[in-house]
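Peer 1: TSV, C-alpha atoms and all ligand atoms, file work-v9.tsv:
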```tsv
chain	number	residue	atom	x	y	z
A	1	MET	CA	-16.61	3.58	16.88
A	2	LEU	CA	-14.80	0.41	17.87
A	3	SER	CA	-14.08	-1.30	21.16
A	4	GLU	CA	-10.52	-1.04	22.40
A	5	LYS	CA	-10.07	-4.77	21.75
A	6	ARG	CA	-11.18	-4.50	18.12
A	7	ASN	CA	-9.06	-1.38	17.58
A	8	ARG	CA	-6.04	-3.35	18.80
A	9	LEU	CA	-6.97	-6.28	16.55
A	10	LEU	CA	-6.79	-3.90	13.57
A	11	THR	CA	-3.44	-2.46	14.63
A	12	GLU	CA	-1.05	-5.20	15.73
A	13	VAL	CA	0.69	-7.04	12.90
A	14	GLY	CA	3.68	-8.85	14.43
A	15	PRO	CA	4.19	-12.65	14.38
A	16	GLY	CA	1.46	-14.44	16.33
A	17	THR	CA	-1.04	-11.58	16.30
A	18	PRO	CA	-4.45	-12.38	14.72
A	19	LEU	CA	-4.05	-9.65	12.07
A	20	GLY	CA	-0.48	-10.74	11.43
A	21	GLN	CA	-1.75	-14.30	10.88
A	22	LEU	CA	-4.36	-13.07	8.39
A	23	MET	CA	-1.82	-11.06	6.40
A	24	ARG	CA	0.68	-13.90	6.36
A	25	CYS	CA	-1.90	-15.94	4.39
A	26	TYR	CA	-1.36	-13.68	1.35
A	27	TRP	CA	1.57	-12.80	-0.90
A	28	ILE	CA	2.85	-9.34	0.07
A	29	PRO	CA	4.59	-6.79	-2.20
A	30	VAL	CA	7.64	-5.58	-0.28
A	31	LEU	CA	10.22	-3.97	-2.59
A	32	ARG	CA	10.58	-2.47	-6.03
A	33	SER	CA	12.80	-4.61	-8.26
A	34	GLN	CA	15.04	-1.59	-8.85
A	35	GLN	CA	16.04	-1.67	-5.19
A	36	LEU	CA	17.88	-4.95	-5.81
A	37	PRO	CA	20.55	-4.64	-8.52
A	38	ALA	CA	22.37	-7.92	-9.22
A	39	GLY	CA	25.42	-8.36	-6.98
A	40	ALA	CA	24.63	-5.19	-4.96
A	41	PRO	CA	24.92	-5.02	-1.14
A	42	PRO	CA	22.05	-6.74	0.66
A	43	HIS	CA	19.04	-4.60	1.51
A	44	GLY	CA	17.61	-4.69	5.04
A	45	PHE	CA	13.92	-4.00	5.57
A	46	THR	CA	11.04	-4.74	7.94
A	47	ILE	CA	7.61	-6.14	7.03
A	48	LEU	CA	4.92	-7.21	9.54
A	49	GLY	CA	7.44	-6.54	12.30
A	50	GLU	CA	9.94	-9.07	10.86
A	51	GLN	CA	13.47	-7.92	10.11
A	52	LEU	CA	14.54	-9.28	6.76
A	53	VAL	CA	17.31	-8.98	4.19
A	54	ALA	CA	16.83	-9.10	0.43
A	55	TYR	CA	19.49	-9.38	-2.23
A	56	ARG	CA	19.86	-10.26	-5.87
A	57	SER	CA	22.72	-12.64	-6.47
A	58	PRO	CA	25.26	-11.80	-9.19
A	59	GLU	CA	23.39	-14.41	-11.31
A	60	GLY	CA	20.12	-12.47	-10.86
A	61	GLN	CA	18.22	-14.63	-8.37
A	62	VAL	CA	16.43	-12.78	-5.57
A	63	GLY	CA	16.69	-14.17	-2.05
A	64	VAL	CA	14.96	-12.96	1.11
A	65	VAL	CA	16.22	-14.25	4.45
A	66	ASP	CA	15.78	-13.37	8.11
A	67	GLU	CA	18.20	-10.61	9.03
A	68	ALA	CA	19.80	-12.49	11.91
A	69	CYS	CA	22.33	-15.11	10.81
A	70	PRO	CA	21.24	-18.49	12.25
A	71	HIS	CA	24.76	-19.15	13.60
A	72	ARG	CA	24.99	-16.38	16.18
A	73	GLY	CA	22.73	-13.62	14.99
A	74	ALA	CA	25.01	-11.19	13.13
A	75	SER	CA	23.09	-9.04	10.67
A	76	LEU	CA	23.10	-10.39	7.14
A	77	THR	CA	22.79	-6.78	5.89
A	78	LEU	CA	26.56	-6.82	6.52
A	79	GLY	CA	26.90	-9.93	4.37
A	80	ARG	CA	28.75	-10.42	1.11
A	81	ASN	CA	26.63	-10.95	-2.01
A	82	GLU	CA	28.66	-13.66	-3.73
A	83	PRO	CA	28.06	-15.92	-6.73
A	84	GLY	CA	25.60	-18.58	-5.51
A	85	GLY	CA	24.47	-16.85	-2.35
A	86	LEU	CA	24.85	-14.57	0.64
A	87	ARG	CA	27.79	-15.00	3.02
A	88	CYS	CA	27.83	-13.81	6.63
A	89	VAL	CA	30.99	-11.76	7.30
A	90	TYR	CA	31.28	-13.00	10.90
A	91	HIS	CA	32.22	-16.70	10.41
A	92	GLY	CA	31.66	-17.06	6.69
A	93	TRP	CA	28.48	-19.15	6.58
A	94	LYS	CA	27.04	-18.95	3.10
A	95	PHE	CA	23.38	-19.45	2.16
A	96	SER	CA	21.77	-20.02	-1.22
A	97	PRO	CA	18.78	-17.80	-2.20
A	98	ASP	CA	16.65	-20.86	-1.29
A	99	GLY	CA	18.01	-20.81	2.26
A	100	ASP	CA	20.33	-23.86	2.04
A	101	LEU	CA	23.58	-23.63	3.97
A	102	LEU	CA	26.26	-24.08	1.30
A	103	GLU	CA	29.40	-23.59	3.35
A	104	ALA	CA	30.26	-23.23	7.03
A	105	PRO	CA	33.99	-22.60	7.66
A	106	SER	CA	33.43	-22.95	11.41
A	107	HIS	CA	32.44	-26.63	10.93
A	108	PRO	CA	34.68	-29.62	10.19
A	109	GLN	CA	35.27	-30.30	6.51
A	110	ASP	CA	33.07	-33.43	6.52
A	111	ALA	CA	30.15	-31.97	8.57
A	112	ASP	CA	26.67	-32.63	7.21
A	113	LEU	CA	25.14	-29.19	6.57
A	114	SER	CA	21.99	-30.48	4.89
A	115	SER	CA	19.70	-29.99	7.89
A	116	MET	CA	20.87	-26.43	8.55
A	117	ARG	CA	19.04	-23.62	6.85
A	118	THR	CA	18.35	-19.99	7.39
A	119	GLY	CA	14.86	-18.55	7.62
A	120	CYS	CA	14.15	-18.05	3.94
A	121	HIS	CA	10.99	-16.74	2.33
A	122	PRO	CA	9.54	-17.52	-1.11
A	123	VAL	CA	9.74	-14.65	-3.60
A	124	HIS	CA	7.74	-13.78	-6.71
A	125	GLU	CA	8.80	-10.96	-9.01
A	126	ALA	CA	6.66	-9.32	-11.71
A	127	GLN	CA	5.94	-5.83	-13.09
A	128	GLY	CA	8.91	-4.43	-11.17
A	129	MET	CA	7.49	-5.57	-7.81
A	130	VAL	CA	9.03	-8.13	-5.45
A	131	TRP	CA	6.39	-10.13	-3.57
A	132	LEU	CA	7.07	-12.17	-0.47
A	133	TRP	CA	5.39	-15.07	1.26
A	134	LEU	CA	5.75	-14.89	5.06
A	135	GLY	CA	3.33	-17.67	5.98
A	136	GLU	CA	3.92	-21.21	7.24
A	137	GLY	CA	4.28	-24.14	4.85
A	138	ALA	CA	3.85	-23.99	1.11
A	139	PRO	CA	2.69	-20.68	-0.39
A	140	PRO	CA	-0.57	-20.46	-2.34
A	141	PRO	CA	-0.31	-19.66	-6.05
A	142	MET	CA	-0.10	-15.94	-6.79
A	143	ARG	CA	-3.70	-14.88	-7.23
A	144	LYS	CA	-4.51	-12.76	-10.25
A	145	LEU	CA	-5.09	-9.06	-9.71
A	146	ALA	CA	-6.04	-6.64	-12.48
A	147	PHE	CA	-2.44	-5.96	-13.48
A	148	SER	CA	-0.90	-9.39	-12.82
A	149	ASP	CA	-0.53	-10.52	-16.44
A	150	LEU	CA	0.36	-7.17	-17.99
A	151	PRO	CA	3.71	-6.43	-19.61
A	152	ASP	CA	6.02	-4.20	-17.57
A	153	ASP	CA	5.40	-1.14	-19.76
A	154	HIS	CA	1.68	-1.23	-18.92
A	155	VAL	CA	2.37	-0.77	-15.20
A	156	VAL	CA	4.10	1.73	-12.96
A	157	ALA	CA	4.43	0.92	-9.26
A	158	VAL	CA	5.78	3.51	-6.84
A	159	THR	CA	6.30	3.37	-3.08
A	160	VAL	CA	6.74	5.50	-0.01
A	161	LYS	CA	7.09	4.74	3.69
A	162	VAL	CA	4.54	6.40	5.94
A	163	SER	CA	4.70	6.96	9.70
A	164	CYS	CA	1.26	5.62	10.53
A	165	GLY	CA	-0.48	2.28	10.87
A	166	TRP	CA	-1.36	0.35	7.69
A	167	LEU	CA	-5.11	0.91	8.09
A	168	GLN	CA	-5.03	4.72	8.01
A	169	PRO	CA	-4.18	5.06	4.29
A	170	LEU	CA	-6.97	2.57	3.52
A	171	GLU	CA	-9.41	4.42	5.74
A	172	THR	CA	-8.71	7.62	3.85
A	173	LEU	CA	-9.60	5.85	0.59
A	174	TRP	CA	-12.77	4.37	2.11
A	175	ASP	CA	-13.64	7.92	3.22
A	176	VAL	CA	-14.17	9.14	-0.35
A	177	PHE	CA	-15.78	12.39	0.81
A	178	HIS	CA	-12.52	13.86	2.14
A	179	ALA	CA	-11.43	14.40	-1.48
A	180	GLN	CA	-14.16	17.03	-1.78
A	181	ILE	CA	-12.56	19.09	0.99
A	182	LEU	CA	-8.89	18.19	1.57
A	183	HIS	CA	-8.11	17.79	-2.16
A	184	ASN	CA	-10.71	20.31	-3.38
A	185	GLN	CA	-8.33	22.87	-4.80
A	186	THR	CA	-5.81	20.26	-5.92
A	187	ASN	CA	-8.44	18.38	-7.92
A	188	ARG	CA	-9.88	21.59	-9.35
A	189	GLY	CA	-6.43	22.57	-10.59
A	190	SER	CA	-5.74	19.14	-12.08
A	191	ARG	CA	-6.55	17.34	-15.31
A	192	ARG	CA	-9.64	15.80	-13.71
A	193	GLY	CA	-10.95	19.07	-12.23
A	194	GLY	CA	-13.62	19.43	-14.91
A	195	VAL	CA	-15.24	16.09	-14.11
A	196	TYR	CA	-14.79	16.04	-10.35
A	197	PHE	CA	-17.21	18.81	-9.34
A	198	SER	CA	-20.71	19.64	-10.55
A	199	GLU	CA	-20.70	23.30	-9.43
A	200	GLN	CA	-24.31	22.62	-8.37
A	201	GLY	CA	-23.55	21.32	-4.92
A	202	ARG	CA	-23.08	22.89	-1.52
A	203	THR	CA	-20.84	25.77	-0.48
A	204	MET	CA	-19.02	26.27	2.81
A	205	ASP	CA	-19.30	29.70	4.41
A	206	ASN	CA	-15.79	30.43	3.16
A	207	GLY	CA	-17.07	30.13	-0.41
A	208	VAL	CA	-15.54	26.73	-1.24
A	209	ALA	CA	-17.99	24.63	-3.28
A	210	TYR	CA	-18.24	20.86	-3.03
A	211	ASP	CA	-20.58	18.02	-3.91
A	212	TYR	CA	-22.23	16.07	-1.13
A	213	PRO	CA	-22.32	12.36	-1.99
A	214	GLU	CA	-24.48	9.37	-1.37
A	215	MET	CA	-22.24	6.57	-0.17
A	216	HIS	CA	-23.03	2.93	-0.80
A	217	ALA	CA	-21.01	-0.02	0.43
A	218	GLU	CA	-21.56	-3.76	0.03
A	219	GLN	CA	-19.54	-6.71	1.11
A	220	THR	CA	-18.10	-9.10	-1.45
A	221	ASP	CA	-16.28	-12.42	-1.12
A	222	TYR	CA	-12.93	-10.70	-1.61
A	223	GLY	CA	-13.66	-7.65	0.56
A	224	MET	CA	-15.98	-4.80	-0.36
A	225	VAL	CA	-17.28	-2.67	-3.19
A	226	TYR	CA	-18.19	0.90	-2.39
A	227	MET	CA	-19.64	3.66	-4.46
A	228	ASN	CA	-19.68	7.43	-4.22
A	229	VAL	CA	-22.50	9.11	-6.14
A	230	ASP	CA	-22.69	12.88	-6.39
A	231	ALA	CA	-23.98	15.36	-8.95
A	232	ALA	CA	-20.76	15.16	-11.01
A	233	LYS	CA	-19.88	11.46	-11.01
A	234	ARG	CA	-20.37	7.88	-9.92
A	235	THR	CA	-17.17	6.24	-8.70
A	236	HIS	CA	-16.82	2.57	-7.74
A	237	PHE	CA	-13.96	1.55	-5.48
A	238	ARG	CA	-13.07	-2.00	-4.58
A	239	PHE	CA	-11.32	-3.18	-1.46
A	240	ILE	CA	-9.54	-6.52	-1.74
A	241	LEU	CA	-8.51	-8.16	1.52
A	242	PRO	CA	-6.22	-7.72	3.22
A	243	PHE	CA	-4.78	-4.38	2.00
A	244	PHE	CA	-5.51	-3.65	-1.67
A	245	ASP	CA	-7.84	-0.85	-2.77
A	246	HIS	CA	-8.73	-0.03	-6.38
A	247	HIS	CA	-9.60	3.64	-6.51
A	248	ALA	CA	-11.07	5.67	-9.35
A	249	LEU	CA	-8.59	7.92	-11.16
A	250	GLU	CA	-10.53	9.48	-14.02
A	251	PRO	CA	-13.29	8.59	-16.49
A	252	GLY	CA	-12.76	6.88	-19.84
A	253	GLU	CA	-12.91	3.27	-20.99
A	254	PHE	CA	-9.24	3.28	-21.99
A	255	ALA	CA	-8.01	5.51	-19.14
A	256	ASP	CA	-5.29	4.39	-16.74
A	257	LYS	CA	-6.50	2.69	-13.58
A	258	GLY	CA	-4.95	2.41	-10.17
A	259	LEU	CA	-4.83	0.76	-6.81
A	260	GLN	CA	-3.16	1.43	-3.51
A	261	ILE	CA	-1.58	-1.27	-1.39
A	262	SER	CA	-1.00	-0.60	2.29
A	263	VAL	CA	1.60	-3.03	3.67
A	264	PRO	CA	2.40	-2.91	7.37
A	265	ILE	CA	6.06	-2.39	8.26
A	266	ASP	CA	5.18	-2.56	11.94
A	267	ASP	CA	2.24	-1.39	14.05
A	268	ASP	CA	3.04	2.31	13.42
A	269	HIS	CA	4.60	2.41	9.94
A	270	CYS	CA	3.55	1.19	6.55
A	271	LEU	CA	4.83	0.81	3.04
A	272	LEU	CA	2.40	2.36	0.63
A	273	TRP	CA	2.26	1.29	-3.00
A	274	MET	CA	0.54	3.23	-5.76
A	275	VAL	CA	0.17	0.88	-8.70
A	276	MET	CA	-1.15	2.39	-11.94
A	277	TYR	CA	-1.76	0.33	-15.04
A	278	ASN	CA	-3.47	0.21	-18.39
A	279	LYS	CA	-4.88	-3.08	-19.72
A	280	HIS	CA	-5.24	-1.78	-23.27
A	281	ALA	CA	-1.86	-0.30	-24.15
A	282	PRO	CA	1.55	0.63	-22.76
A	283	LEU	CA	1.30	3.61	-20.42
A	284	ASP	CA	1.07	6.81	-22.42
A	285	PRO	CA	3.17	9.83	-21.37
A	286	GLY	CA	-0.07	11.86	-21.62
A	287	GLY	CA	-2.07	9.44	-19.46
A	288	PHE	CA	-2.93	9.80	-15.79
A	289	ALA	CA	-0.25	7.42	-14.51
A	290	LEU	CA	2.85	8.87	-16.14
A	291	GLN	CA	1.59	12.46	-15.85
A	292	SER	CA	1.02	12.04	-12.15
A	293	VAL	CA	4.62	10.96	-11.51
A	294	GLU	CA	6.19	13.32	-14.02
A	295	GLY	CA	9.35	14.89	-12.64
A	296	VAL	CA	9.51	12.51	-9.66
A	297	PRO	CA	13.20	11.60	-9.38
A	298	ASP	CA	12.86	8.55	-7.11
A	299	LEU	CA	9.87	6.24	-7.59
A	300	THR	CA	10.88	4.19	-4.53
A	301	ASP	CA	10.35	7.21	-2.25
A	302	PHE	CA	8.17	9.27	-4.51
A	303	VAL	CA	7.81	12.25	-2.16
A	304	ALA	CA	11.46	12.48	-0.99
A	305	HIS	CA	12.21	15.38	-3.33
A	306	MET	CA	9.63	17.49	-1.48
A	307	GLY	CA	11.80	17.48	1.65
A	308	PRO	CA	11.12	16.10	5.13
A	309	ARG	CA	7.50	16.37	6.25
A	310	ASN	CA	6.59	15.42	9.77
A	311	ARG	CA	4.93	16.61	12.95
A	312	GLU	CA	7.96	18.74	13.88
A	313	ASN	CA	7.64	20.93	10.78
A	314	ARG	CA	3.82	20.59	10.62
A	315	TRP	CA	4.26	18.48	7.48
A	316	GLY	CA	5.74	21.48	5.66
A	317	GLN	CA	2.40	23.26	5.56
A	318	ASP	CA	2.86	26.68	3.93
A	319	ARG	CA	0.43	29.12	5.57
A	320	ALA	CA	1.39	31.90	3.15
A	321	LEU	CA	0.08	29.78	0.27
A	322	MET	CA	-3.16	29.30	2.20
A	323	ASP	CA	-3.46	33.01	3.03
A	324	ARG	CA	-3.04	33.89	-0.62
A	325	GLY	CA	-5.74	31.39	-1.56
A	326	GLU	CA	-3.30	29.35	-3.62
A	327	SER	CA	-3.60	26.14	-1.61
A	328	TRP	CA	-6.40	24.82	0.58
A	329	SER	CA	-4.12	22.49	2.50
A	330	GLY	CA	-0.86	24.44	2.44
A	331	VAL	CA	0.86	21.80	0.27
A	332	PRO	CA	2.78	23.45	-2.58
A	333	ASP	CA	2.02	22.76	-6.19
A	334	THR	CA	3.72	19.70	-7.68
A	335	SER	CA	2.69	16.68	-9.75
A	336	LEU	CA	-0.86	15.49	-9.01
A	337	LEU	CA	-0.08	12.19	-7.30
A	338	VAL	CA	2.61	13.74	-5.11
A	339	LYS	CA	0.42	16.65	-4.06
A	340	ILE	CA	-2.62	14.50	-3.29
A	341	PHE	CA	-0.45	12.09	-1.39
A	342	LEU	CA	1.23	14.85	0.67
A	343	GLU	CA	-2.20	16.15	1.60
A	344	ASP	CA	-3.25	12.67	2.71
A	345	LEU	CA	0.03	12.10	4.50
A	346	MET	CA	-0.29	15.19	6.67
A	347	VAL	CA	-3.75	14.29	7.94
A	348	ILE	CA	-3.18	10.57	8.47
A	349	GLU	CA	0.18	10.98	10.21
A	350	SER	CA	-1.37	13.77	12.32
A	351	GLN	CA	-3.84	11.18	13.69
A	352	GLY	CA	-0.98	9.42	15.47
A	353	ARG	CA	-2.14	5.96	16.52
A	354	PRO	CA	-5.89	6.58	16.22
A	355	ASP	CA	-8.08	5.87	19.20
A	356	ARG	CA	-11.04	4.42	17.29
A	357	THR	CA	-13.02	4.12	20.53
A	358	LYS	CA	-13.47	7.91	20.45
A	359	GLU	CA	-14.69	8.66	16.95
A	360	ASP	CA	-17.85	10.42	15.87
A	361	LEU	CA	-18.63	8.89	12.49
A	362	GLY	CA	-21.27	10.04	10.01
A	363	VAL	CA	-23.02	8.76	6.91
A	364	THR	CA	-20.07	9.55	4.62
A	365	ASP	CA	-18.08	7.04	6.72
A	366	ARG	CA	-20.30	4.14	5.64
A	367	ALA	CA	-17.59	2.39	3.58
A	368	LEU	CA	-15.04	2.94	6.32
A	369	VAL	CA	-17.27	1.13	8.81
A	370	LEU	CA	-17.81	-1.82	6.46
A	371	GLY	CA	-14.12	-1.97	5.46
A	372	ARG	CA	-13.03	-2.34	9.07
A	373	LYS	CA	-15.77	-4.93	9.62
A	374	ARG	CA	-14.54	-6.96	6.65
A	375	VAL	CA	-10.98	-6.99	8.02
A	376	LEU	CA	-12.23	-8.05	11.46
A	377	GLU	CA	-14.40	-10.80	9.93
A	378	ALA	CA	-11.42	-12.06	7.93
A	379	ILE	CA	-9.27	-12.11	11.07
A	380	GLU	CA	-11.96	-14.12	12.87
A	381	ALA	CA	-12.34	-16.55	9.95
A	382	VAL	CA	-8.63	-17.34	9.94
A	383	GLN	CA	-8.65	-17.71	13.74
A	384	ARG	CA	-11.44	-20.32	13.31
A	385	GLY	CA	-9.20	-22.21	10.89
A	386	GLU	CA	-11.11	-21.17	7.75
A	387	PRO	CA	-9.27	-20.09	4.59
A	388	ALA	CA	-8.42	-16.40	4.23
A	389	PRO	CA	-11.07	-14.66	2.06
A	390	GLY	CA	-10.36	-14.42	-1.65
A	391	LEU	CA	-7.01	-16.13	-1.26
A	392	THR	CA	-7.18	-18.12	-4.47
A	393	ASP	CA	-9.81	-16.14	-6.41
A	394	ASP	CA	-9.17	-14.77	-9.88
A	395	LEU	CA	-9.52	-11.03	-9.21
A	396	SER	CA	-8.27	-9.88	-12.60
A	397	GLN	CA	-11.63	-8.27	-13.41
A	398	ILE	CA	-11.91	-6.40	-10.12
A	399	GLU	CA	-11.17	-2.74	-10.79
A	400	ALA	CA	-12.35	0.76	-9.99
A	401	ALA	CA	-14.75	2.66	-12.24
A	402	PHE	CA	-15.28	6.38	-12.79
A	403	GLU	CA	-18.41	7.48	-14.60
A	404	ALA	CA	-18.84	11.18	-15.18
A	405	ILE	CA	-22.43	12.44	-15.10
A	406	SER	CA	-23.16	14.98	-17.80
A	407	THR	CA	-24.36	18.27	-16.34
A	408	ALA	CA	-24.91	19.88	-19.73
A	409	ASP	CA	-28.69	19.61	-19.60
B	1	LIG	S1	27.08	-15.23	12.98
B	1	LIG	FE1	26.95	-15.56	10.85
B	1	LIG	S2	28.46	-17.07	10.44
B	1	LIG	FE2	28.57	-16.75	12.57
B	2	FE	FE	-6.91	11.63	-0.13
```
Mind turning this structure into structure tokens?
Peer 2:
Amino acid sequence: MLSEKRNRLLTEVGPGTPLGQLMRCYWIPVLRSQQLPAGAPPHGFTILGEQLVAYRSPEGQVGVVDEACPHRGASLTLGRNEPGGLRCVYHGWKFSPDGDLLEAPSHPQDADLSSMRTGCHPVHEAQGMVWLWLGEGAPPPMRKLAFSDLPDDHVVAVTVKVSCGWLQPLETLWDVFHAQILHNQTNRGSRRGGVYFSEQGRTMDNGVAYDYPEMHAEQTDYGMVYMNVDAAKRTHFRFILPFFDHHALEPGEFADKGLQISVPIDDDHCLLWMVMYNKHAPLDPGGFALQSVEGVPDLTDFVAHMGPRNRENRWGQDRALMDRGESWSGVPDTSLLVKIFLEDLMVIESQGRPDRTKEDLGVTDRALVLGRKRVLEAIEAVQRGEPAPGLTDDLSQIEAAFEAISTAD
């Protein structure tokens, strides 16, 4: 349970808010590279409550600028993507991808344009992800995460926009236990079903069996490590401030690994990334990553093909499937990642904007409590003028782990 003040601190992300200031200390992944073909119309989007426009010039350089043209505020989503930069259609001002004003037809021929710039944000592109720096001054170097130095064919990064605050998808990862119930049938029917349940655990009075875990959580410099131990497995998860979470996919030294990134769009919407990678080899069509997105037509909105799911249609829940015992949650069968995600989506969007002053938490929520505390401590550190936690650390060795416990004897 949190005070109203601390709940608000964890929710509000706009410019000038304490959480917004923390997040603006870090590089933020905002778009998939495929969303920006060279010379294509500019792409408008919102991150941390800021309205922005991204484009890739015909020469291939990515620029991200504030949406409002600095002359008189026309939207640069209407702009022309020309060789050398983006031109506002209203009075023809043209900006380079670095934000310099190159041409201003409304000014005299000999006007000095050198001091006039648009709000322009540094960009880093790798592994098919476009990262943005929204802070003040010079950006820090890109810190190394587990997949940062891998070739593109070792990584798949997919996105979806979710109608809930950025913290809710993270909270559902910190709450490892929900997978035993919400995803019970989905996991049992999946490639990892055999290692996920011990069949020696508890049973609800409706006959559904699950394993009750011990939860451990410890703070680290970069965020938190948390562990779920039950009769079938030990899984380590690692939360990296401000919004990265390595979560265990399946056992095996050479198995694919994954993390989720929960980027605020505004206080009530977020952009969710699922990044899956393999350090040892290019992703294998038989591996967890490519299998789990098999048949997904659009990796930028990886659940779009399942149709609209929202409060009005009760997130598409199919009661007939539930009545026939074919689905615990009412989500129809589809690829593993999509189905798990749709199950998560329905519960986290159903929370609305959570009132965390009115919760009744238990021992399986131990990591959730520490995760929130770590975010609040990081906010407070930045407010005191201290560096954001883990900002320049090498985090390339920080990953999830999944150890199956043999139940043969
Ligand atoms: S508003 Fe963009 S050039 Fe005038
Ligand atoms: Fe889940």
Peer 1: Identify, on the basis of all atoms listed in the file, every residue whose closest approach to region 351-360 of chain A does not exceed 12 Å; exclude the query and any residue fewer than 2 positions from it along the same chain; express the result as an MDAnalysis selection string.
Peer 2: chainID A and resid 1:12 162:169 171:172 267:269 310:311 344:349 362:365 368:369 372
Peer 1: Once you have the residues from the selection above, write them out as a CSV table (one decimal), keeping the file's coordinate frame, restricted to C-alpha atoms.
Peer 2:
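Contents of the output file selection_15.csv:
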```csv
chain,number,residue,atom,x,y,z
A,1,MET,CA,-16.6,3.6,16.9
A,2,LEU,CA,-14.8,0.4,17.9
A,3,SER,CA,-14.1,-1.3,21.2
A,4,GLU,CA,-10.5,-1.0,22.4
A,5,LYS,CA,-10.1,-4.8,21.8
A,6,ARG,CA,-11.2,-4.5,18.1
A,7,ASN,CA,-9.1,-1.4,17.6
A,8,ARG,CA,-6.0,-3.4,18.8
A,9,LEU,CA,-7.0,-6.3,16.6
A,10,LEU,CA,-6.8,-3.9,13.6
A,11,THR,CA,-3.4,-2.5,14.6
A,12,GLU,CA,-1.0,-5.2,15.7
A,162,VAL,CA,4.5,6.4,5.9
A,163,SER,CA,4.7,7.0,9.7
A,164,CYS,CA,1.3,5.6,10.5
A,165,GLY,CA,-0.5,2.3,10.9
A,166,TRP,CA,-1.4,0.4,7.7
A,167,LEU,CA,-5.1,0.9,8.1
A,168,GLN,CA,-5.0,4.7,8.0
A,169,PRO,CA,-4.2,5.1,4.3
A,171,GLU,CA,-9.4,4.4,5.7
A,172,THR,CA,-8.7,7.6,3.8
A,267,ASP,CA,2.2,-1.4,14.0
A,268,ASP,CA,3.0,2.3,13.4
A,269,HIS,CA,4.6,2.4,9.9
A,310,ASN,CA,6.6,15.4,9.8
A,311,ARG,CA,4.9,16.6,13.0
A,344,ASP,CA,-3.2,12.7,2.7
A,345,LEU,CA,0.0,12.1,4.5
A,346,MET,CA,-0.3,15.2,6.7
A,347,VAL,CA,-3.8,14.3,7.9
A,348,ILE,CA,-3.2,10.6,8.5
A,349,GLU,CA,0.2,11.0,10.2
A,362,GLY,CA,-21.3,10.0,10.0
A,363,VAL,CA,-23.0,8.8,6.9
A,364,THR,CA,-20.1,9.6,4.6
A,365,ASP,CA,-18.1,7.0,6.7
A,368,LEU,CA,-15.0,2.9,6.3
A,369,VAL,CA,-17.3,1.1,8.8
A,372,ARG,CA,-13.0,-2.3,9.1
```
Peer 1: Could the residues that lie within 9 Å of ligand LIG 1 (chain B), counting all atoms listed in the file, be listed as JSON, numbers by chain?
Peer 2: {"A": [68, 69, 70, 71, 72, 73, 74, 75, 76, 79, 87, 88, 89, 90, 91, 92, 93, 94, 104, 105, 106]}
Peer 1: Residues contacting ligand FE 2 (chain B) - anything with an atom at most 12 Å away, using all atoms listed in the file - can you give me those as a ChimeraX atom specification?
Peer 2: /A:168-184,186-187,247-249,260,329,336-348
Peer 1: Output C-alpha atoms for every residue in that selection, as an mmCIF file, keeping the file's coordinate frame.
Peer 2:
```cif
data_model
loop_
_atom_site.group_PDB
_atom_site.id
_atom_site.type_symbol
_atom_site.label_atom_id
_atom_site.label_comp_id
_atom_site.auth_asym_id
_atom_site.auth_seq_id
_atom_site.Cartn_x
_atom_site.Cartn_y
_atom_site.Cartn_z
ATOM 1 C CA GLN A 168 -5.030 4.720 8.010
ATOM 2 C CA PRO A 169 -4.180 5.060 4.290
ATOM 3 C CA LEU A 170 -6.970 2.570 3.520
ATOM 4 C CA GLU A 171 -9.410 4.420 5.740
ATOM 5 C CA THR A 172 -8.710 7.620 3.850
ATOM 6 C CA LEU A 173 -9.600 5.850 0.590
ATOM 7 C CA TRP A 174 -12.770 4.370 2.110
ATOM 8 C CA ASP A 175 -13.640 7.920 3.220
ATOM 9 C CA VAL A 176 -14.170 9.140 -0.350
ATOM 10 C CA PHE A 177 -15.780 12.390 0.810
ATOM 11 C CA HIS A 178 -12.520 13.860 2.140
ATOM 12 C CA ALA A 179 -11.430 14.400 -1.480
ATOM 13 C CA GLN A 180 -14.160 17.030 -1.780
ATOM 14 C CA ILE A 181 -12.560 19.090 0.990
ATOM 15 C CA LEU A 182 -8.890 18.190 1.570
ATOM 16 C CA HIS A 183 -8.110 17.790 -2.160
ATOM 17 C CA ASN A 184 -10.710 20.310 -3.380
ATOM 18 C CA THR A 186 -5.810 20.260 -5.920
ATOM 19 C CA ASN A 187 -8.440 18.380 -7.920
ATOM 20 C CA HIS A 247 -9.600 3.640 -6.510
ATOM 21 C CA ALA A 248 -11.070 5.670 -9.350
ATOM 22 C CA LEU A 249 -8.590 7.920 -11.160
ATOM 23 C CA GLN A 260 -3.160 1.430 -3.510
ATOM 24 C CA SER A 329 -4.120 22.490 2.500
ATOM 25 C CA LEU A 336 -0.860 15.490 -9.010
ATOM 26 C CA LEU A 337 -0.080 12.190 -7.300
ATOM 27 C CA VAL A 338 2.610 13.740 -5.110
ATOM 28 C CA LYS A 339 0.420 16.650 -4.060
ATOM 29 C CA ILE A 340 -2.620 14.500 -3.290
ATOM 30 C CA PHE A 341 -0.450 12.090 -1.390
ATOM 31 C CA LEU A 342 1.230 14.850 0.670
ATOM 32 C CA GLU A 343 -2.200 16.150 1.600
ATOM 33 C CA ASP A 344 -3.250 12.670 2.710
ATOM 34 C CA LEU A 345 0.030 12.100 4.500
ATOM 35 C CA MET A 346 -0.290 15.190 6.670
ATOM 36 C CA VAL A 347 -3.750 14.290 7.940
ATOM 37 C CA ILE A 348 -3.180 10.570 8.470
#
```
Peer 1: For each of A:Val263, A:Ala401, A:Leu113, A:Ala38, take the minimum atom-to-atom distance to Gly84 (chain A), counting only C-alpha atoms, then give the residue where this is smallest.
Peer 2: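 Among the listed residues, A:Ala38 lies closest to Gly84 (chain A).
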